[in-house]
Each structure stands twice: as C-alpha cells, then as structure tokens.
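First the structure, in the form of structure tokens, and then the observations on it.
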Amino acid sequence: MAKQRMLQFVSVDKQMPEKRAADSRAHDFKEIYGEFADTKATEQASRCSQCGVPYCQSHCPLHNNIPDWLRLTTEGRLQEAYETSQLTNTFPEICGRICPQDRLCEGNCVIEQSGHGTVTIGAVEKYITDTAWEKGWVKPIRPAVERSESVAIIGAGPGGLAAADRLRRAGVQVTVYDRYDRAGGLLTYGIPGFKLEKDIVLRRNKQLEDGGVKFVLNCNVGEDIAFAEIREKHDAVLIATGVYKSRDLQGPGSGAKGIVRAIDYLTASNRKNFGDTVPEYDNGELNAEGRKVVVIGGGDTAMDCVRTAIRQGAESVKCLYRRDRANMPGSQREVQNAEEEGVVFEWLTAPKGFTGDPVSGVMVQRMRLGAPDATGRQRPEVIEGADYVEEADLVIKALGFEPEDLPSLWGEEALEVTRWGTIKADFRSHETAMPGVFAVGDIVRGASLVVWAIRDGREAADAILGRFEAASSVVAAE
C-alpha cells in the first residue's frame with residue numbers, strides 16, 4: 001500500500017519559517033521571516049488534510065487552488081506547484097508575504113478549527129514562487145499573437161499591474177500611467193521593506209516592461225494629461241488609482257506641526273531606503289529618530305507606521321486604538337510582531353485634541369465598548385473624566401483612506417461615483433457607466449486588500465478582452 005503523503009497534521013506540528021530575533025530585526029528594513037528549506041516546505045505542506053470542500057480556497061479572494069499546490073509541493077513537483085499557483089494569482093510571491101492569511105485562507109483552514117494549527121499556506125506559497133524565480137521557471141511575457149487594440153491603465157498598483165499582465169499576455173498593447181516615479185503603487189511606496197522587500201516588486205515591474213508594457217511615470221492624470229486625451233488614444237481605459245486621500249482628525253491643535261499623514265511618512269521612509277534624496281526625512285519632519293511617536297489607528301497601515309518608527313530609532317512608540325485588541329482590524333500577527341519589537345498598544349483610547357505647536361502631546365479619551373452598531377461591532381463610548389495627555393512630538397494619523405474626487409480632478413462629470421466617492425462599476429465586468437472605461441481595486445471597493453485588487457484587475461482584463469472579441473465578431477460578420 002502506498003504511503004500516505006498528506007494528512008500529516010496529526011504527527012507534524014505547525015511551524016512557521018524562522019523569524020529573526022526582535023532585537024536584530026528592529027534595526028533594519030529586511031524581511032523578518034526566513035525561507036523554508038526544501039524539506040521543511042515539504043513537511044509543512046504535507047499537513048494539509050486535502051478537504052473535499054477546501055475552506056482555505058473558498059475564503060481566498062482569488063480562489064487559489066491551495067490544496068493542489070500543497071500536494072504538489074509534498075510530492076516534490078515544485079514547478080507544477082508554481083504553475084498551479086500562477087494560474088489564479090498574478091503575484092503569488094507578493095501575496096505569500098503580505099496577505100493577512102490569519103483572516104483569510106489560514107484562518108479558515110479546517111485543521112486550524114480542529115485545534116491542530118493551520119497549514120502555513122502563505123509561507124509555502126512564498127517558497128514556491130521564490131524557488132520558481134531562482135530556477136528560471138517564471139517565463140517572460142511573450143504573446144503568441146500581437147493585437148492592434150490598445151488599453152490605458154491609470155494606476156500602477158496591484159490591480160493595474162495584474163490587469164496589465166493578463167492583457168499583455170493576450171497580445172494587447174498596454175500603457176500604464178502613474179503619478180509616482182516607480183511602478184507598484186503602495187507595494188512600492190506604502191508597504192515597508194520588512195514586510196515586502198522592494199526587489200520583489202521591481203522584479204515584477206521589469207518582467208512587465210520587458211514583456212512590452214509601456215510605463216508613463218511621474219504623470220498626474222488631469223494635470224499632465226487629460227483623461228479625455230487618454231480615452232482618445234486607447235480602445236479601453238482601466239482606472240486603478242487606489243485611494244490616497246487620508247481620513248483626517250478634527251479637534252483642538254489638529255493643525256500643529258509634527259502631526260503627519262501615514263502615507264507621507266511611509267512614502268518618505270521607503271524613498272529613503274531606495275537611496276532617494278528626501279528633504280522631509282532629512283530635516284526630521286518625517287523621521288522618527290529620537291522622538292516620542294504616537295500612531296493613531298488600528299489597521300495594517302498603523303502597524304506599518306509603528307514598526308517603521310521603531311526601525312528609525314524612535315525613543316518610544318505607542319499606538320492608540322479606540323477598541324480592544326480582539327476588535328482591531330489589523331492582522332493579529334502584525335500586532336504580535338510590533339509588540340515583540342517594543343511597540344506599546346494603548347487599547348480603548350481615542351484622541352480628543354493635541355497640545356503644543358509643534359505638537360507636544362495627544363489629549364486622550366479613555367473608551368469602553370458599548371452596544372453593538374449596525375454591523376454588529378460594539379460601539380466605543382467615552383468614559384467621562386478619564387482623559388489624560390500622552391506625551392508625543394511626532395503624531396502619525398493612520399485612520400484609513402478615502403477616494404479622491406476623480407470626476408472633478410479629471411473634468412469628467414459622466415464618471416459616476418457612489419455616495420462614498422468610489423467609482424460605480426459593474427461587479428462582474430468592472431465597466432463603468434462610460435463605455436469602454438473600467439475601474440478596479442480600492443477606487444471601487446474603498447480601502448481593501450492587495451489580493452482583492454489583483455482579483456479585480458484579472459477580472460477586468462478578461463472583460464476588456466471579451467469586449468474586443470465581441471467587437472471583432474461584429475466586424476467579421478459585416
């Protein structure tokens with residue numbers, strides 16, 4: 001009887017790749033997790049129970065064929081594992097690093113629910129694709145046939161790049177317009193290197209460029225080129241700008257010097273790590289070195305900020321969040337990593353105002369959780385008479401992002417938006433009310449996950465190709 005390779009979760013314990021010690025990793029921006037060795041990846045993949053109804057797959061926005069590539073890894077068929085992974089995910093090595101697996105695939109793993117500890121899906125996914133790059137299994141983009149149709153993609157973040165990859169492989173002529181000097185969007189300038197080293201992103205950018213995707217960088221649509229002009233030049237347009245307008249704080253002293261936006265702070269840090277000249281970092285405005293830092297917010301952006309401040313040499317780093325740990329929207333794994341590195345979390349606290357200019361402190365209200373709101377989450381309530389001042393000389397606002405007013409910025413009132421300012425688009429085709437104009441990612445969903453943007457980009461690319469095929473069929477019939 002053949003030996004059972006899978007279902008080893010009973011005898012093999014869950015094990016993550018080795019994590020660098022906190023006192024070591026807190027001084028640089030290198031990724032904190034090591035790579036699985038071949039034997040360890042095989043061992044951990046073998047813990048999969050090969051469910052008939054794989055909840056890991058159904059809870060992945062891309063519906064990755066996770067049980068299949070785990071089995072192929074266990075059998076030593078790594079190239080097939082990579083090819084299976086790549087079928088549904090344009091950037092598996094990126095998702096393996098930054099997806100909140102504890103809320104998605106791993107959090108819904110059947111053996112996790114049974115108390116055996118989840119399969120380390122993200123770490124195996126990262127290992128498979130990193131190995132594929134090392135072995136030369138990641139093939140260049142070489143369309144079998146070149147097509148005449150042209151697509152403009154506005155925004156070089158994960159949604160836009162996923163669409164560019166899929167369209168270019170089909171032979172479509174693709175031009176990507178982006179406001180930054182490097183492609184990647186938040187993958188490049190938002191997410192710190194200790195979660196996603198930048199050579200991983202730049203490698204994918206180069207693959208796209210070598211495959212024929214044209215990048216027009218340092219280009220602000222509405223200023224450097226009109227949206228109408230882009231429509232005239234291309235057969236279809238995909239809007240994938242993301243959301244960059246930061247939610248703001250009101251209250252006494254909110255305009256004081258030393259209170260900064262998370263996106264500005266993280267972008268400056270990433271630019272500095274690229275070796276760029278960043279005056280706002282060099283003059284101390286966006287540099288936490290030697291400072292008492294308070295970050296306001298509880299999402300993944302807040303976690304990126306507190307952990308960046310630690311690495312910049314802050315004197316102290318505290319995070320204020322108005323709910324408790326269990327209700328925090330950010331990854332629990334990231335909270336744990338931050339605590340190991342020296343971040344202090346002040347749960348059930350919210351800012352009321354600020355003292356000093358430049359800022360010298362945050363006026364803090366203590367909170368408690370009251371009755372549930374319409375979503376079922378308990379609503380924070382102020383505890384009267386429990387206010388205090390948290391000393392700080394750098395305050396970072398990480399309260400989330402909202403869409404910019406694109407119809408006004410681009411002079412396109414026909415571009416319909418929701419009451420939240422996100423673009424209205426069909427949830428299947430991603431086409432807007434403007435014919436031939438599509439929209440994906442955060443600009444439609446609101447601030448969300450990279451993996452959702454990748455899914456949207458792939459779906460929109462397929463819809464655009466379908467539109468081209470339908471037009472070709474009409475021409476042929478005539």
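Ordering of the structure tokens sets the chain letters (A, B, ...); residue numbers start at 1 within each chain; ligands are numbered from 1 in the order shown.
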
Under the rule of at most 7 Å, produce a per-residue listing of range 380-459 of chain A near range 367-370 of chain A: chain, number, name, the closest pair of atoms, and the distance in Å, as a tab-separated table, using only C-alpha atoms.
```
residue	atom	partner	partner_atom	distance
A:Pro380	CA	A:Leu369	CA	4.6
A:Glu381	CA	A:Arg368	CA	5.3
A:Val382	CA	A:Met367	CA	4.6
A:Ile383	CA	A:Met367	CA	5.3
```

Give me, as JSON, numbers by chain, all polymer residues having an atom no more than 12 Å from Phe91 in chain A, counting only C-alpha atoms and skipping those fewer than 5 positions away in the same chain.
{"A": [62, 64, 82, 83, 85, 86, 96, 97, 98, 99, 125, 126, 128, 129, 130, 133, 138, 157, 158, 159, 161, 162, 163, 165, 166, 184, 187, 200, 201, 203, 204, 205, 207, 208, 450, 451, 453, 454, 455, 457, 458]}

Per DSSP on the backbone, filter range 262-389 of chain A down to the residues in strand (DSSP E or B) and report them as a PyMOL selection string.
chain A and resi 292-296+316-321+344-347+349-355+361-372+378-382+388-389

Keeping N, CA and C atoms, export the residues of the selection given above as a CSV table (one decimal), in the first residue's frame.
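Once written, again10.csv looks like this:
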```csv
chain,number,residue,atom,x,y,z
A,292,LYS,N,9.4,60.8,20.4
A,292,LYS,CA,8.3,60.1,21.1
A,292,LYS,C,7.1,60.1,20.1
A,293,VAL,N,6.8,58.9,19.6
A,293,VAL,CA,5.9,58.7,18.5
A,293,VAL,C,4.6,58.2,19.0
A,294,VAL,N,3.5,58.7,18.5
A,294,VAL,CA,2.2,58.2,18.8
A,294,VAL,C,1.5,58.0,17.4
A,295,VAL,N,1.1,56.8,17.1
A,295,VAL,CA,0.3,56.5,15.9
A,295,VAL,C,-1.1,56.3,16.3
A,296,ILE,N,-2.0,56.9,15.5
A,296,ILE,CA,-3.4,56.8,15.8
A,296,ILE,C,-4.1,55.9,14.7
A,316,SER,N,10.3,56.3,21.8
A,316,SER,CA,9.2,55.4,22.3
A,316,SER,C,8.2,55.4,21.1
A,317,VAL,N,7.4,54.3,21.1
A,317,VAL,CA,6.3,54.2,20.0
A,317,VAL,C,5.1,53.7,20.7
A,318,LYS,N,4.0,54.4,20.6
A,318,LYS,CA,2.7,54.0,21.1
A,318,LYS,C,1.7,54.0,20.1
A,319,CYS,N,0.7,53.1,20.1
A,319,CYS,CA,-0.4,53.1,19.2
A,319,CYS,C,-1.7,53.2,20.0
A,320,LEU,N,-2.5,54.2,19.6
A,320,LEU,CA,-3.8,54.5,20.2
A,320,LEU,C,-4.9,53.8,19.3
A,321,TYR,N,-5.7,53.0,19.9
A,321,TYR,CA,-6.8,52.4,19.2
A,321,TYR,C,-8.1,52.5,20.0
A,344,VAL,N,4.1,49.8,22.2
A,344,VAL,CA,3.1,49.7,23.2
A,344,VAL,C,1.8,50.1,22.7
A,345,PHE,N,0.8,49.2,22.9
A,345,PHE,CA,-0.6,49.5,22.4
A,345,PHE,C,-1.4,50.0,23.6
A,346,GLU,N,-2.1,51.1,23.4
A,346,GLU,CA,-3.0,51.7,24.3
A,346,GLU,C,-4.4,51.4,23.8
A,347,TRP,N,-5.0,50.3,24.3
A,347,TRP,CA,-6.3,49.9,23.8
A,347,TRP,C,-7.4,50.8,24.4
A,349,THR,N,-8.6,53.7,23.6
A,349,THR,CA,-8.2,55.1,23.7
A,349,THR,C,-8.5,55.8,22.4
A,350,ALA,N,-8.8,57.1,22.4
A,350,ALA,CA,-9.1,57.9,21.2
A,350,ALA,C,-8.6,59.3,21.4
A,351,PRO,N,-8.1,60.0,20.4
A,351,PRO,CA,-7.6,61.3,20.5
A,351,PRO,C,-8.7,62.3,20.6
A,352,LYS,N,-8.6,63.3,21.5
A,352,LYS,CA,-9.6,64.4,21.6
A,352,LYS,C,-9.0,65.7,21.1
A,353,GLY,N,-7.7,65.8,21.1
A,353,GLY,CA,-7.1,67.0,20.6
A,353,GLY,C,-5.6,66.9,20.9
A,354,PHE,N,-4.9,68.0,20.6
A,354,PHE,CA,-3.4,68.0,20.7
A,354,PHE,C,-2.9,69.2,21.5
A,355,THR,N,-1.8,69.0,22.1
A,355,THR,CA,-1.2,70.2,22.9
A,355,THR,C,0.1,70.6,22.2
A,361,GLY,N,1.9,66.7,22.7
A,361,GLY,CA,1.1,65.7,23.4
A,361,GLY,C,-0.2,65.5,22.7
A,362,VAL,N,-0.8,64.3,23.0
A,362,VAL,CA,-2.1,64.0,22.5
A,362,VAL,C,-3.1,64.0,23.6
A,363,MET,N,-4.2,64.7,23.6
A,363,MET,CA,-5.2,64.6,24.6
A,363,MET,C,-6.0,63.4,24.3
A,364,VAL,N,-6.0,62.5,25.2
A,364,VAL,CA,-6.6,61.1,25.0
A,364,VAL,C,-7.8,60.9,25.9
A,365,GLN,N,-8.9,60.4,25.3
A,365,GLN,CA,-10.1,60.0,26.0
A,365,GLN,C,-10.0,58.4,26.2
A,366,ARG,N,-10.3,58.0,27.4
A,366,ARG,CA,-10.4,56.5,27.6
A,366,ARG,C,-11.8,56.1,27.1
A,367,MET,N,-11.9,54.9,26.5
A,367,MET,CA,-13.2,54.4,26.0
A,367,MET,C,-13.6,53.1,26.6
A,368,ARG,N,-14.8,52.7,26.4
A,368,ARG,CA,-15.3,51.4,26.7
A,368,ARG,C,-16.2,50.9,25.6
A,369,LEU,N,-16.4,49.6,25.5
A,369,LEU,CA,-17.2,49.1,24.4
A,369,LEU,C,-18.7,49.0,24.9
A,370,GLY,N,-19.6,49.7,24.1
A,370,GLY,CA,-21.0,49.7,24.5
A,370,GLY,C,-21.8,48.7,23.6
A,371,ALA,N,-23.0,49.2,23.3
A,371,ALA,CA,-23.9,48.3,22.5
A,371,ALA,C,-23.4,48.2,21.1
A,372,PRO,N,-23.7,47.1,20.4
A,372,PRO,CA,-23.3,46.9,19.0
A,372,PRO,C,-23.9,47.9,18.1
A,378,GLN,N,-19.3,46.2,18.7
A,378,GLN,CA,-19.6,47.1,19.8
A,378,GLN,C,-19.1,48.5,19.5
A,379,ARG,N,-19.9,49.5,19.8
A,379,ARG,CA,-19.6,50.9,19.6
A,379,ARG,C,-18.8,51.4,20.8
A,380,PRO,N,-17.6,52.1,20.5
A,380,PRO,CA,-16.8,52.7,21.6
A,380,PRO,C,-17.6,53.9,22.2
A,381,GLU,N,-17.5,54.0,23.5
A,381,GLU,CA,-18.2,55.1,24.2
A,381,GLU,C,-17.1,55.7,25.1
A,382,VAL,N,-17.2,57.0,25.3
A,382,VAL,CA,-16.3,57.8,26.1
A,382,VAL,C,-16.5,57.5,27.6
A,388,TYR,N,-6.5,62.0,29.6
A,388,TYR,CA,-5.1,62.2,30.0
A,388,TYR,C,-4.4,62.7,28.8
A,389,VAL,N,-3.1,63.1,29.0
A,389,VAL,CA,-2.3,63.6,27.9
A,389,VAL,C,-1.2,62.6,27.7
```

Skipping near chain neighbours, those fewer than 3 positions away, what residues fall within 8 Å of Pro192 in chain A using only C-alpha atoms, listed as a ChimeraX atom specification?
/A:29,189,195-197,266,269-270,304,308

Got time to write the residues from that selection, all heavy atoms, as a CSV table (one decimal), in the first residue's frame?
```csv
chain,number,residue,atom,x,y,z
A,29,PHE,N,15.4,47.2,7.6
A,29,PHE,CA,14.1,47.0,6.9
A,29,PHE,C,14.1,45.7,6.1
A,29,PHE,O,13.3,45.6,5.1
A,29,PHE,CB,13.9,48.2,6.0
A,29,PHE,CG,13.4,49.4,6.8
A,29,PHE,CD1,14.4,50.3,7.4
A,29,PHE,CD2,12.1,49.7,6.9
A,29,PHE,CE1,13.9,51.4,8.1
A,29,PHE,CE2,11.7,50.8,7.6
A,29,PHE,CZ,12.6,51.7,8.2
A,189,TYR,N,5.7,52.1,-2.4
A,189,TYR,CA,5.9,53.2,-1.5
A,189,TYR,C,5.1,53.2,-0.2
A,189,TYR,O,5.3,54.0,0.7
A,189,TYR,CB,5.6,54.5,-2.3
A,189,TYR,CG,6.7,54.9,-3.2
A,189,TYR,CD1,6.4,55.2,-4.6
A,189,TYR,CD2,8.0,55.0,-2.8
A,189,TYR,CE1,7.4,55.5,-5.5
A,189,TYR,CE2,9.0,55.3,-3.7
A,189,TYR,CZ,8.7,55.6,-5.0
A,189,TYR,OH,9.7,56.0,-5.9
A,195,LYS,N,8.2,43.9,5.4
A,195,LYS,CA,7.1,43.0,5.0
A,195,LYS,C,7.2,42.6,3.6
A,195,LYS,O,6.8,41.5,3.2
A,195,LYS,CB,5.7,43.7,5.2
A,195,LYS,CG,5.3,43.8,6.7
A,195,LYS,CD,4.1,44.7,6.8
A,195,LYS,CE,2.8,44.2,6.2
A,195,LYS,NZ,1.7,45.1,6.5
A,196,LEU,N,7.8,43.5,2.7
A,196,LEU,CA,7.9,43.2,1.3
A,196,LEU,C,9.1,43.9,0.8
A,196,LEU,O,9.1,45.1,0.5
A,196,LEU,CB,6.6,43.7,0.6
A,196,LEU,CG,6.6,43.5,-0.9
A,196,LEU,CD1,6.7,42.1,-1.4
A,196,LEU,CD2,5.4,44.2,-1.5
A,197,GLU,N,10.2,43.2,0.6
A,197,GLU,CA,11.4,43.8,0.1
A,197,GLU,C,11.2,44.3,-1.3
A,197,GLU,O,10.5,43.6,-2.1
A,197,GLU,CB,12.6,42.8,0.2
A,197,GLU,CG,13.0,42.6,1.7
A,197,GLU,CD,14.2,41.7,1.8
A,197,GLU,OE1,14.8,41.3,0.8
A,197,GLU,OE2,14.6,41.4,3.0
A,266,LEU,N,5.2,56.9,5.4
A,266,LEU,CA,5.7,55.7,4.9
A,266,LEU,C,6.4,55.9,3.5
A,266,LEU,O,7.4,55.2,3.2
A,266,LEU,CB,4.5,54.7,4.7
A,266,LEU,CG,3.9,54.2,6.0
A,266,LEU,CD1,2.6,53.4,5.8
A,266,LEU,CD2,4.9,53.4,6.8
A,269,SER,N,9.9,57.1,4.1
A,269,SER,CA,10.8,56.1,4.6
A,269,SER,C,11.2,55.1,3.5
A,269,SER,O,12.4,54.8,3.3
A,269,SER,CB,10.0,55.3,5.7
A,269,SER,OG,10.8,54.2,6.1
A,270,ASN,N,10.2,54.8,2.6
A,270,ASN,CA,10.5,53.9,1.5
A,270,ASN,C,11.5,54.5,0.5
A,270,ASN,O,12.4,53.9,0.0
A,270,ASN,CB,9.2,53.4,0.8
A,270,ASN,CG,8.6,52.2,1.6
A,270,ASN,OD1,9.3,51.2,1.9
A,270,ASN,ND2,7.3,52.3,1.9
A,304,ASP,N,2.2,49.2,10.0
A,304,ASP,CA,3.4,49.6,9.2
A,304,ASP,C,4.1,50.8,9.8
A,304,ASP,O,5.4,50.9,9.9
A,304,ASP,CB,3.0,49.9,7.8
A,304,ASP,CG,2.5,48.7,7.1
A,304,ASP,OD1,2.7,47.5,7.5
A,304,ASP,OD2,1.8,48.8,6.0
A,308,THR,N,7.8,50.9,11.5
A,308,THR,CA,8.8,51.7,10.8
A,308,THR,C,9.5,52.7,11.8
A,308,THR,O,10.7,52.9,11.8
A,308,THR,CB,8.1,52.5,9.7
A,308,THR,OG1,7.7,51.6,8.7
A,308,THR,CG2,9.1,53.5,9.1
```

Quick one: distance from CA of Glu43 in chain A to CA of Leu104 in chain A in Å, one decimal?
21.9 Å

For Gln173 in chain A, please output as a PDB file with N, CA, C and O atoms, in the first residue's frame all residues within 12 Å (counting only C-alpha atoms; exclusion window: fewer than 6 positions along the same chain).
```
ATOM      1  N   PRO A 143       3.594  37.277 -25.973  1.00  0.00           N
ATOM      2  CA  PRO A 143       2.314  36.942 -26.589  1.00  0.00           C
ATOM      3  C   PRO A 143       2.493  36.116 -27.856  1.00  0.00           C
ATOM      4  O   PRO A 143       3.416  36.367 -28.646  1.00  0.00           O
ATOM      5  N   VAL A 145       0.414  36.092 -30.335  1.00  0.00           N
ATOM      6  CA  VAL A 145      -0.008  36.959 -31.431  1.00  0.00           C
ATOM      7  C   VAL A 145      -0.184  38.374 -30.889  1.00  0.00           C
ATOM      8  O   VAL A 145      -0.758  38.568 -29.824  1.00  0.00           O
ATOM      9  N   GLU A 146       0.335  39.357 -31.632  1.00  0.00           N
ATOM     10  CA  GLU A 146       0.134  40.754 -31.245  1.00  0.00           C
ATOM     11  C   GLU A 146      -1.218  41.245 -31.754  1.00  0.00           C
ATOM     12  O   GLU A 146      -1.608  40.956 -32.888  1.00  0.00           O
ATOM     13  N   ARG A 147      -1.943  41.965 -30.897  1.00  0.00           N
ATOM     14  CA  ARG A 147      -3.233  42.524 -31.265  1.00  0.00           C
ATOM     15  C   ARG A 147      -3.093  44.020 -31.499  1.00  0.00           C
ATOM     16  O   ARG A 147      -2.173  44.660 -30.985  1.00  0.00           O
ATOM     17  N   SER A 148      -4.033  44.568 -32.215  1.00  0.00           N
ATOM     18  CA  SER A 148      -3.971  46.001 -32.529  1.00  0.00           C
ATOM     19  C   SER A 148      -4.588  46.861 -31.431  1.00  0.00           C
ATOM     20  O   SER A 148      -4.285  48.048 -31.328  1.00  0.00           O
ATOM     21  N   GLU A 149      -5.461  46.246 -30.596  1.00  0.00           N
ATOM     22  CA  GLU A 149      -6.154  47.040 -29.585  1.00  0.00           C
ATOM     23  C   GLU A 149      -5.177  47.554 -28.520  1.00  0.00           C
ATOM     24  O   GLU A 149      -4.208  46.899 -28.170  1.00  0.00           O
ATOM     25  N   SER A 150      -5.524  48.734 -28.006  1.00  0.00           N
ATOM     26  CA  SER A 150      -4.678  49.396 -27.011  1.00  0.00           C
ATOM     27  C   SER A 150      -5.500  49.702 -25.762  1.00  0.00           C
ATOM     28  O   SER A 150      -6.640  50.163 -25.862  1.00  0.00           O
ATOM     29  N   VAL A 151      -4.911  49.456 -24.589  1.00  0.00           N
ATOM     30  CA  VAL A 151      -5.578  49.723 -23.315  1.00  0.00           C
ATOM     31  C   VAL A 151      -4.706  50.637 -22.471  1.00  0.00           C
ATOM     32  O   VAL A 151      -3.494  50.404 -22.333  1.00  0.00           O
ATOM     33  N   ALA A 152      -5.319  51.670 -21.899  1.00  0.00           N
ATOM     34  CA  ALA A 152      -4.638  52.533 -20.940  1.00  0.00           C
ATOM     35  C   ALA A 152      -5.037  52.098 -19.540  1.00  0.00           C
ATOM     36  O   ALA A 152      -6.219  51.854 -19.268  1.00  0.00           O
ATOM     37  N   ILE A 153      -4.063  51.973 -18.662  1.00  0.00           N
ATOM     38  CA  ILE A 153      -4.317  51.658 -17.260  1.00  0.00           C
ATOM     39  C   ILE A 153      -3.817  52.827 -16.423  1.00  0.00           C
ATOM     40  O   ILE A 153      -2.645  53.191 -16.500  1.00  0.00           O
ATOM     41  N   ALA A 163      -3.908  43.505 -14.200  1.00  0.00           N
ATOM     42  CA  ALA A 163      -4.611  43.648 -15.473  1.00  0.00           C
ATOM     43  C   ALA A 163      -3.622  43.783 -16.628  1.00  0.00           C
ATOM     44  O   ALA A 163      -3.805  43.177 -17.701  1.00  0.00           O
ATOM     45  N   ALA A 164      -2.556  44.564 -16.420  1.00  0.00           N
ATOM     46  CA  ALA A 164      -1.549  44.751 -17.464  1.00  0.00           C
ATOM     47  C   ALA A 164      -0.919  43.424 -17.860  1.00  0.00           C
ATOM     48  O   ALA A 164      -0.723  43.129 -19.047  1.00  0.00           O
ATOM     49  N   ASP A 165      -0.601  42.601 -16.862  1.00  0.00           N
ATOM     50  CA  ASP A 165      -0.002  41.290 -17.120  1.00  0.00           C
ATOM     51  C   ASP A 165      -0.936  40.430 -17.975  1.00  0.00           C
ATOM     52  O   ASP A 165      -0.524  39.846 -18.985  1.00  0.00           O
ATOM     53  N   ARG A 166      -2.194  40.363 -17.592  1.00  0.00           N
ATOM     54  CA  ARG A 166      -3.153  39.498 -18.290  1.00  0.00           C
ATOM     55  C   ARG A 166      -3.434  39.995 -19.709  1.00  0.00           C
ATOM     56  O   ARG A 166      -3.516  39.195 -20.658  1.00  0.00           O
ATOM     57  N   LEU A 167      -3.575  41.298 -19.873  1.00  0.00           N
ATOM     58  CA  LEU A 167      -3.833  41.865 -21.194  1.00  0.00           C
ATOM     59  C   LEU A 167      -2.639  41.710 -22.125  1.00  0.00           C
ATOM     60  O   LEU A 167      -2.782  41.362 -23.304  1.00  0.00           O
ATOM     61  N   LEU A 208       7.136  42.984 -16.616  1.00  0.00           N
ATOM     62  CA  LEU A 208       6.100  43.624 -17.414  1.00  0.00           C
ATOM     63  C   LEU A 208       6.698  44.529 -18.486  1.00  0.00           C
ATOM     64  O   LEU A 208       6.271  44.508 -19.648  1.00  0.00           O
ATOM     65  N   GLU A 209       7.697  45.305 -18.073  1.00  0.00           N
ATOM     66  CA  GLU A 209       8.332  46.215 -19.037  1.00  0.00           C
ATOM     67  C   GLU A 209       9.028  45.443 -20.145  1.00  0.00           C
ATOM     68  O   GLU A 209       8.905  45.773 -21.332  1.00  0.00           O
ATOM     69  N   GLY A 211       8.212  42.633 -21.164  1.00  0.00           N
ATOM     70  CA  GLY A 211       7.170  41.980 -21.951  1.00  0.00           C
ATOM     71  C   GLY A 211       6.408  42.931 -22.854  1.00  0.00           C
ATOM     72  O   GLY A 211       5.477  42.492 -23.549  1.00  0.00           O
ATOM     73  N   GLY A 212       6.755  44.199 -22.837  1.00  0.00           N
ATOM     74  CA  GLY A 212       6.133  45.134 -23.768  1.00  0.00           C
ATOM     75  C   GLY A 212       5.152  46.115 -23.168  1.00  0.00           C
ATOM     76  O   GLY A 212       4.549  46.917 -23.892  1.00  0.00           O
ATOM     77  N   VAL A 213       4.953  46.079 -21.852  1.00  0.00           N
ATOM     78  CA  VAL A 213       4.073  47.064 -21.209  1.00  0.00           C
ATOM     79  C   VAL A 213       4.822  48.396 -21.143  1.00  0.00           C
ATOM     80  O   VAL A 213       5.968  48.454 -20.698  1.00  0.00           O
ATOM     81  N   LYS A 214       4.168  49.457 -21.578  1.00  0.00           N
ATOM     82  CA  LYS A 214       4.770  50.795 -21.545  1.00  0.00           C
ATOM     83  C   LYS A 214       4.344  51.516 -20.264  1.00  0.00           C
ATOM     84  O   LYS A 214       3.165  51.517 -19.921  1.00  0.00           O
ATOM     85  N   PHE A 215       5.308  52.110 -19.587  1.00  0.00           N
ATOM     86  CA  PHE A 215       5.021  52.852 -18.359  1.00  0.00           C
ATOM     87  C   PHE A 215       5.248  54.346 -18.592  1.00  0.00           C
ATOM     88  O   PHE A 215       6.319  54.753 -19.068  1.00  0.00           O
ATOM     89  N   LYS A 233      -6.806  58.115 -27.175  1.00  0.00           N
ATOM     90  CA  LYS A 233      -5.618  57.392 -27.639  1.00  0.00           C
ATOM     91  C   LYS A 233      -5.756  55.871 -27.536  1.00  0.00           C
ATOM     92  O   LYS A 233      -4.975  55.136 -28.137  1.00  0.00           O
ATOM     93  N   HIS A 234      -6.717  55.392 -26.750  1.00  0.00           N
ATOM     94  CA  HIS A 234      -6.796  53.957 -26.471  1.00  0.00           C
ATOM     95  C   HIS A 234      -8.204  53.417 -26.709  1.00  0.00           C
ATOM     96  O   HIS A 234      -9.192  54.152 -26.694  1.00  0.00           O
ATOM     97  N   ASP A 235      -8.276  52.111 -26.910  1.00  0.00           N
ATOM     98  CA  ASP A 235      -9.566  51.456 -27.170  1.00  0.00           C
ATOM     99  C   ASP A 235     -10.343  51.184 -25.886  1.00  0.00           C
ATOM    100  O   ASP A 235     -11.560  50.972 -25.926  1.00  0.00           O
ATOM    101  N   ALA A 236      -9.665  51.133 -24.775  1.00  0.00           N
ATOM    102  CA  ALA A 236     -10.313  50.953 -23.469  1.00  0.00           C
ATOM    103  C   ALA A 236      -9.427  51.574 -22.403  1.00  0.00           C
ATOM    104  O   ALA A 236      -8.204  51.706 -22.591  1.00  0.00           O
ATOM    105  N   VAL A 237     -10.054  51.962 -21.293  1.00  0.00           N
ATOM    106  CA  VAL A 237      -9.313  52.565 -20.173  1.00  0.00           C
ATOM    107  C   VAL A 237      -9.690  51.830 -18.899  1.00  0.00           C
ATOM    108  O   VAL A 237     -10.879  51.556 -18.660  1.00  0.00           O
ATOM    109  N   LEU A 465     -10.992  41.996 -22.751  1.00  0.00           N
ATOM    110  CA  LEU A 465     -10.729  41.075 -23.859  1.00  0.00           C
ATOM    111  C   LEU A 465     -12.041  40.597 -24.484  1.00  0.00           C
ATOM    112  O   LEU A 465     -12.152  40.474 -25.706  1.00  0.00           O
TER     113      LEU A 465
END
```

Rounded to one decimal in Å, what is the spacing between CA of Met16 in chain A and CA of Arg333 in chain A?
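Spanning CA of Met16 in chain A to CA of Arg333 in chain A is a straight-line distance of 11.8 Å.
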
With only C-alpha atoms as the counted atoms, please give the residues lying no more than 9 Å from Asp248 in chain A, apart from itself and same-chain residues fewer than 5 positions off, as a list in words.
Ser254, Arg261, Lys397, Ala398, Leu399 and Gly400 of chain A

Could you write those residues out with N, CA and C atoms, as a tab-separated table (two decimals), in the first residue's frame?
```tsv
chain	number	residue	atom	x	y	z
A	254	SER	N	-5.23	70.24	15.94
A	254	SER	CA	-5.03	69.22	14.90
A	254	SER	C	-4.17	69.70	13.74
A	261	ARG	N	0.56	62.68	8.01
A	261	ARG	CA	-0.24	61.60	7.44
A	261	ARG	C	0.60	60.33	7.29
A	397	LYS	N	-1.09	60.01	11.72
A	397	LYS	CA	-2.51	59.70	11.53
A	397	LYS	C	-2.64	58.54	10.55
A	398	ALA	N	-3.08	57.40	11.06
A	398	ALA	CA	-3.28	56.20	10.22
A	398	ALA	C	-4.72	55.75	10.35
A	399	LEU	N	-5.62	56.62	9.90
A	399	LEU	CA	-7.05	56.41	10.10
A	399	LEU	C	-7.75	55.87	8.87
A	400	GLY	N	-6.99	55.46	7.88
A	400	GLY	CA	-7.58	54.91	6.66
A	400	GLY	C	-7.58	55.93	5.54
```

Can you pull out every residue from range 357-453 of chain A that DSSP, working from the backbone, puts in helix (DSSP H, G or I), and format the result as a ChimeraX atom specification?
/A:406-410,442-445,450-453

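Note that the spacing between CA of Glu390 in chain A and CA of Arg311 in chain A amounts to 21.4 Å.
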
So which residues touch Arg307 in chain A within 10 Å, counting only C-alpha atoms, skipping near sequence neighbours fewer than 5 positions away, as a ChimeraX atom specification?
/A:26,29,192,194,302,312,317,334-335,337-339,341-343

Got a sec: who's within 7 Å of Cys305 in chain A, counting only C-alpha atoms, leaving out chain neighbours fewer than 4 positions off, as number ranges by chain?
A: 262, 266, 301, 309

From the list A:Arg322, A:Arg77, A:His27, A:Arg5, which residue is nearest Gln44 in chain A when using only C-alpha atoms?
A:Arg5

For a quick check of understanding, using only C-alpha atoms, which of A:Glu280, A:Glu93, A:Glu431, A:Glu112 has the smallest distance to Lys14 in chain A?
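Selected residue with least distance to Lys14 in chain A: A:Glu112.
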